Amino acid sequence: MSHFEAFALALIQGLTEFLPISSSAHLILPSQIFGWADQGLAFDVAVHLGTLAAVVLYFRKEVTALLGAWFGSIFNGRRCGEAKLAWMIVLATIPACVFGFFMKDIIELYLRSAWVIAATTIIFGLLLWWVDRRATQQDDEYQANWKSSLFIGLAQAAAMIPGTSRSGATMTAALHLGFTREAAARFSFLMSIPVIVLAGSYLGMKLVTSGAPIEFGGLGIGLAVSFVSAYACIHVFLKLVTRLGMLPFVIYRLLLGVGLIAFLLSQ
């Protein structure tokens with residue numbers, strides 16, 4: 001992988017990880033259009049670390065408060081809004097862990113095709129549009145209970161199907177439950193932290209046991225570019241989502257899905 005390819009793929013990962021537009025749909029395009037080879041496990045670990053660092057740094061105050069309250073609820077029995085939200089994030093993470101454990105091989109074998117990604121990009125884009133139009137937008141993330149958290153967690157698990165978009169699915173579920181757009185985005189971003197940690201740890205263990213060669217120049221580019229682009233993406237999205245809504249991202253998803261189908265039919 002050249003340094004240009006590393007830069008481009010890390011930029012795609014950073015920009016699409018937290019937007020409701022599907023990172024998998026974008027990451028398949030370079031291989032389909034330009035014939036780029038798979039970036040490898042080491043690069044996957046690097047960009048996961050970059051996006052993780054971005055979301056933790058951006059929400060550093062919230063993360064510190066949530067972790068402190070969570071440990072306080074365990075060891076001191078302290079109850080507060082932050083402790084409740086932390087437990088709801090833990091609960092929302094469980095479905096993705098279970099689904100990933102049992103379904104990862106099936107997904108890798110049968111669902112990573114360009115046709116599946118094109119279809120899910122369009123279908124879940126339309127679902128996001130429909131839910132966003134009907135959303136009441138009354139609650140913030142602190143109103144989450146075990147039922148709503150589990151529902152959003154199931155949406156996150158379903159988003160393991162390529163093209164669905166983890167952030168798109170979780171925001172769609174949160175909007176459906178009455179969250180405001182900004183609250184849906186914040187809850188989705190906070191939910192991403194344990195999932196990225198788990199996914200990065202799994203990839204890291206695979207990397208260690210695989211003995212694959214590591215090219216540190218490309219890894220450094222991947223880490224830095226994914227961090228900067230993801231941090232900027234989170235900041236801009238939270239500033240714009242309350243004013244613009246989800247429609248621009250829905251339109252983009254539809255254009256992307258149709259474009260991918262047109263490309264596949266032309267082959």
# chains A, B, ... in the order shown; residues from 1 in each chain; ligands from 1
>>> residues_around(residues="range 110-113 of chain A", least_positions_apart="4", cutoff="8 Å", atoms="only C-alpha atoms", output="PyMOL selection string")
chain A and resi 106+117+161-162
>>> closest_atom_pairs(of="range 131-230 of chain A", to="range 54-65 of chain A", cutoff="8 Å", atoms="only C-alpha atoms", output="tab-separated table")
residue	atom	partner	partner_atom	distance
A:Phe189	CA	A:Val55	CA	7.0
A:Leu190	CA	A:Val55	CA	7.7
A:Ile193	CA	A:Val55	CA	7.2
A:Phe227	CA	A:Ala54	CA	5.2
A:Val228	CA	A:Ala54	CA	7.2
A:Ala230	CA	A:Ala54	CA	6.0
>>> closest_residue(among="A:Gly257, A:Arg79, A:Arg166, A:Ser229", to="Ile196 in chain A", atoms="only C-alpha atoms")
A:Arg166
>>> closest_residue(among="A:Ile122, A:Leu150, A:Ile234, A:Ala158", to="Val258 in chain A", atoms="only C-alpha atoms")
A:Ile122
>>> residues_around(residues="Gly178 in chain A", least_positions_apart="5", cutoff="8 Å", atoms="only C-alpha atoms", output="number ranges by chain")
A: 135-139
>>> closest_residue(among="A:Ala173, A:His26, A:Met191, A:Phe216", to="Leu66 in chain A", atoms="only C-alpha atoms")
A:Met191
>>> closest_residue(among="A:Ala10, A:Cys80, A:Ala155, A:Ile214", to="Phe99 in chain A", atoms="only C-alpha atoms")
A:Ala155
>>> atom_distance(atom1="CA of Ile28 in chain A", atom2="CA of Phe102 in chain A")
23.6 Å
>>> select_by_dssp(residues="range 24-240 of chain A", states="alpha helix (DSSP H)", output="ChimeraX atom specification")
/A:24-29,41-58,60-75,81-110,114-134,146-158,166-176,181-210,216-240
>>> residues_around(residues="range 186-188 of chain A", least_positions_apart="5", cutoff="6 Å", atoms="only C-alpha atoms", output="ChimeraX atom specification")
/A:141,167,170
>>> write_last_selection(atoms="all heavy atoms", output="CSV table (one decimal), in the first residue's frame")
chain,number,residue,atom,x,y,z
A,141,GLU,N,-30.1,12.4,25.7
A,141,GLU,CA,-29.6,11.0,25.9
A,141,GLU,C,-29.8,10.6,27.4
A,141,GLU,O,-29.8,9.4,27.7
A,141,GLU,CB,-28.1,10.9,25.5
A,141,GLU,CG,-27.2,11.9,26.3
A,141,GLU,CD,-27.0,13.2,25.7
A,141,GLU,OE1,-28.0,13.7,25.0
A,141,GLU,OE2,-25.9,13.8,25.8
A,167,SER,N,-23.4,4.5,12.7
A,167,SER,CA,-23.9,5.7,13.2
A,167,SER,C,-25.3,6.0,12.6
A,167,SER,O,-26.2,6.5,13.3
A,167,SER,CB,-23.0,6.9,12.9
A,167,SER,OG,-22.7,7.0,11.5
A,170,THR,N,-27.9,3.7,14.5
A,170,THR,CA,-28.1,4.1,15.9
A,170,THR,C,-28.9,5.4,16.0
A,170,THR,O,-29.7,5.6,16.9
A,170,THR,CB,-26.8,4.1,16.7
A,170,THR,OG1,-25.9,4.9,16.0
A,170,THR,CG2,-26.2,2.7,16.9
>>> residues_around(residues="range 91-93 of chain A", least_positions_apart="3", cutoff="12 Å", atoms="only C-alpha atoms", output="PyMOL selection string")
chain A and resi 84-88+96-100+144-157+166+170+173-174+187-188+190-199
>>> closest_residue(among="A:Ile221, A:Ala169, A:Met103, A:Ala262", to="Phe43 in chain A", atoms="only C-alpha atoms")
A:Ile221
>>> atom_distance(atom1="CA of Gly50 in chain A", atom2="CA of Leu223 in chain A")
4.7 Å
>>> residues_around(residues="Leu128 in chain A", least_positions_apart="6", cutoff="12 Å", atoms="only C-alpha atoms", output="ChimeraX atom specification")
/A:20-21,120-122,134-135,164-165,167-176,181,245-251,253-254
>>> closest_residue(among="A:Ala53, A:Trp115, A:Val47, A:Gly35", to="Ile12 in chain A", atoms="only C-alpha atoms")
A:Val47
>>> atom_distance(atom1="CA of Thr51 in chain A", atom2="CA of Gly222 in chain A")
10.0 Å
>>> residues_around(residues="range 1-8 of chain A", least_positions_apart="2", cutoff="10 Å", atoms="only C-alpha atoms", output="list in words")
Ala10, Leu11, Ile12, Gln13, Gly14, Leu27, Pro30, Trp36, Ala37, Asp38, Gln39, Gly40, Phe43, Val47, Glu215, Gly217, Gly218, Leu219, Gly220, Ile221, Gly222, Leu223, Ala224, Val225 and Ser226 of chain A
>>> decode(residues="range 82-220 of chain A", atoms="C-alpha atoms", output="compact mmCIF listing (two decimals), in the first residue's frame")
# COMPACT_ATOMS: atom_id res chain seq x y z
CA GLU A 82 -24.15 10.12 34.42
CA ALA A 83 -24.04 6.70 36.09
CA LYS A 84 -27.37 5.76 34.53
CA LEU A 85 -26.22 6.91 31.08
CA ALA A 86 -22.97 4.95 31.44
CA TRP A 87 -24.91 1.77 32.26
CA MET A 88 -27.23 2.37 29.31
CA ILE A 89 -24.20 2.62 27.00
CA VAL A 90 -22.88 -0.67 28.41
CA LEU A 91 -26.27 -2.29 27.82
CA ALA A 92 -26.46 -0.91 24.29
CA THR A 93 -23.06 -2.46 23.51
CA ILE A 94 -24.06 -6.03 24.38
CA PRO A 95 -26.15 -6.84 21.26
CA ALA A 96 -23.29 -5.91 18.92
CA CYS A 97 -20.90 -8.14 20.90
CA VAL A 98 -23.27 -11.11 20.75
CA PHE A 99 -24.17 -10.56 17.09
CA GLY A 100 -20.53 -10.07 16.12
CA PHE A 101 -19.43 -13.24 17.93
CA PHE A 102 -21.97 -15.48 16.22
CA MET A 103 -22.33 -13.76 12.84
CA LYS A 104 -18.91 -12.37 11.91
CA ASP A 105 -17.96 -15.36 9.75
CA ILE A 106 -21.30 -15.32 7.90
CA ILE A 107 -20.97 -11.59 7.30
CA GLU A 108 -17.43 -11.97 5.97
CA LEU A 109 -18.39 -14.84 3.66
CA TYR A 110 -21.75 -13.73 2.29
CA LEU A 111 -22.54 -10.09 3.04
CA ARG A 112 -19.46 -8.11 2.06
CA SER A 113 -20.38 -7.92 -1.62
CA ALA A 114 -20.79 -4.64 -3.45
CA TRP A 115 -24.40 -5.54 -4.29
CA VAL A 116 -25.31 -5.97 -0.61
CA ILE A 117 -23.60 -2.70 0.27
CA ALA A 118 -25.40 -0.82 -2.51
CA ALA A 119 -28.78 -2.19 -1.41
CA THR A 120 -28.32 -1.51 2.30
CA THR A 121 -26.96 1.97 1.60
CA ILE A 122 -30.20 2.85 -0.19
CA ILE A 123 -32.65 0.98 2.07
CA PHE A 124 -31.31 2.29 5.37
CA GLY A 125 -30.91 5.75 3.89
CA LEU A 126 -34.63 5.81 3.09
CA LEU A 127 -35.41 4.50 6.58
CA LEU A 128 -33.34 7.33 8.10
CA TRP A 129 -35.28 9.87 6.01
CA TRP A 130 -38.67 8.42 7.01
CA VAL A 131 -37.82 8.35 10.73
CA ASP A 132 -36.24 11.82 10.72
CA ARG A 133 -39.38 13.31 9.15
CA ARG A 134 -41.63 11.80 11.83
CA ALA A 135 -39.32 12.29 14.82
CA THR A 136 -40.79 14.14 17.83
CA GLN A 137 -37.32 15.20 19.09
CA GLN A 138 -38.28 15.62 22.74
CA ASP A 139 -35.66 13.76 24.77
CA ASP A 140 -31.92 13.97 25.37
CA GLU A 141 -29.59 11.02 25.92
CA TYR A 142 -30.11 11.14 29.70
CA GLN A 143 -33.71 10.03 29.18
CA ALA A 144 -32.54 6.67 27.84
CA ASN A 145 -33.85 3.64 29.76
CA TRP A 146 -33.07 -0.04 29.45
CA LYS A 147 -35.69 -0.59 26.74
CA SER A 148 -34.57 2.29 24.54
CA SER A 149 -30.89 1.46 25.06
CA LEU A 150 -31.44 -2.16 24.11
CA PHE A 151 -33.38 -1.07 21.02
CA ILE A 152 -30.56 1.25 19.92
CA GLY A 153 -28.08 -1.52 20.72
CA LEU A 154 -29.97 -3.93 18.44
CA ALA A 155 -29.79 -1.31 15.69
CA GLN A 156 -26.04 -1.10 16.24
CA ALA A 157 -25.80 -4.87 15.96
CA ALA A 158 -27.77 -4.87 12.69
CA ALA A 159 -25.35 -2.25 11.37
CA MET A 160 -22.65 -4.90 11.22
CA ILE A 161 -24.22 -5.76 7.86
CA PRO A 162 -22.00 -3.81 5.44
CA GLY A 163 -23.52 -0.64 3.99
CA THR A 164 -25.93 -0.11 6.87
CA SER A 165 -23.79 2.43 8.79
CA ARG A 166 -23.36 2.03 12.54
CA SER A 167 -23.93 5.72 13.23
CA GLY A 168 -26.82 5.84 10.76
CA ALA A 169 -28.59 2.87 12.34
CA THR A 170 -28.14 4.06 15.93
CA MET A 171 -29.24 7.62 15.11
CA THR A 172 -32.26 6.28 13.24
CA ALA A 173 -33.25 4.18 16.26
CA ALA A 174 -32.71 7.07 18.69
CA LEU A 175 -34.75 9.48 16.55
CA HIS A 176 -37.52 6.90 16.36
CA LEU A 177 -37.58 6.81 20.17
CA GLY A 178 -37.97 10.59 20.43
CA PHE A 179 -34.39 11.77 20.91
CA THR A 180 -33.42 15.15 19.48
CA ARG A 181 -31.04 15.00 16.54
CA GLU A 182 -28.13 16.27 18.61
CA ALA A 183 -28.89 13.85 21.45
CA ALA A 184 -29.17 10.97 18.99
CA ALA A 185 -25.78 11.90 17.56
CA ARG A 186 -24.12 12.26 20.98
CA PHE A 187 -25.52 8.93 22.19
CA SER A 188 -24.36 7.28 18.96
CA PHE A 189 -20.85 8.74 19.29
CA LEU A 190 -20.53 7.74 22.96
CA MET A 191 -21.79 4.24 22.07
CA SER A 192 -19.04 3.98 19.47
CA ILE A 193 -16.28 4.11 22.09
CA PRO A 194 -16.69 0.62 23.61
CA VAL A 195 -17.44 -0.86 20.18
CA ILE A 196 -14.29 0.62 18.64
CA VAL A 197 -12.26 -0.52 21.66
CA LEU A 198 -13.55 -4.07 21.27
CA ALA A 199 -13.13 -4.13 17.49
CA GLY A 200 -9.64 -2.66 17.73
CA SER A 201 -8.65 -5.16 20.43
CA TYR A 202 -9.91 -8.05 18.33
CA LEU A 203 -8.00 -6.82 15.28
CA GLY A 204 -4.93 -6.22 17.41
CA MET A 205 -4.96 -9.80 18.71
CA LYS A 206 -5.35 -11.10 15.16
CA LEU A 207 -2.42 -8.94 14.09
CA VAL A 208 -0.19 -10.23 16.89
CA THR A 209 -0.99 -13.87 16.16
CA SER A 210 -0.78 -13.50 12.38
CA GLY A 211 2.83 -12.38 12.29
CA ALA A 212 1.98 -10.07 9.37
CA PRO A 213 4.66 -7.55 8.36
CA ILE A 214 4.17 -3.97 9.51
CA GLU A 215 4.98 -0.87 7.46
CA PHE A 216 5.21 1.91 10.00
CA GLY A 217 5.12 4.80 7.52
CA GLY A 218 1.66 3.85 6.27
CA LEU A 219 0.48 3.16 9.81
CA GLY A 220 1.55 6.60 10.98
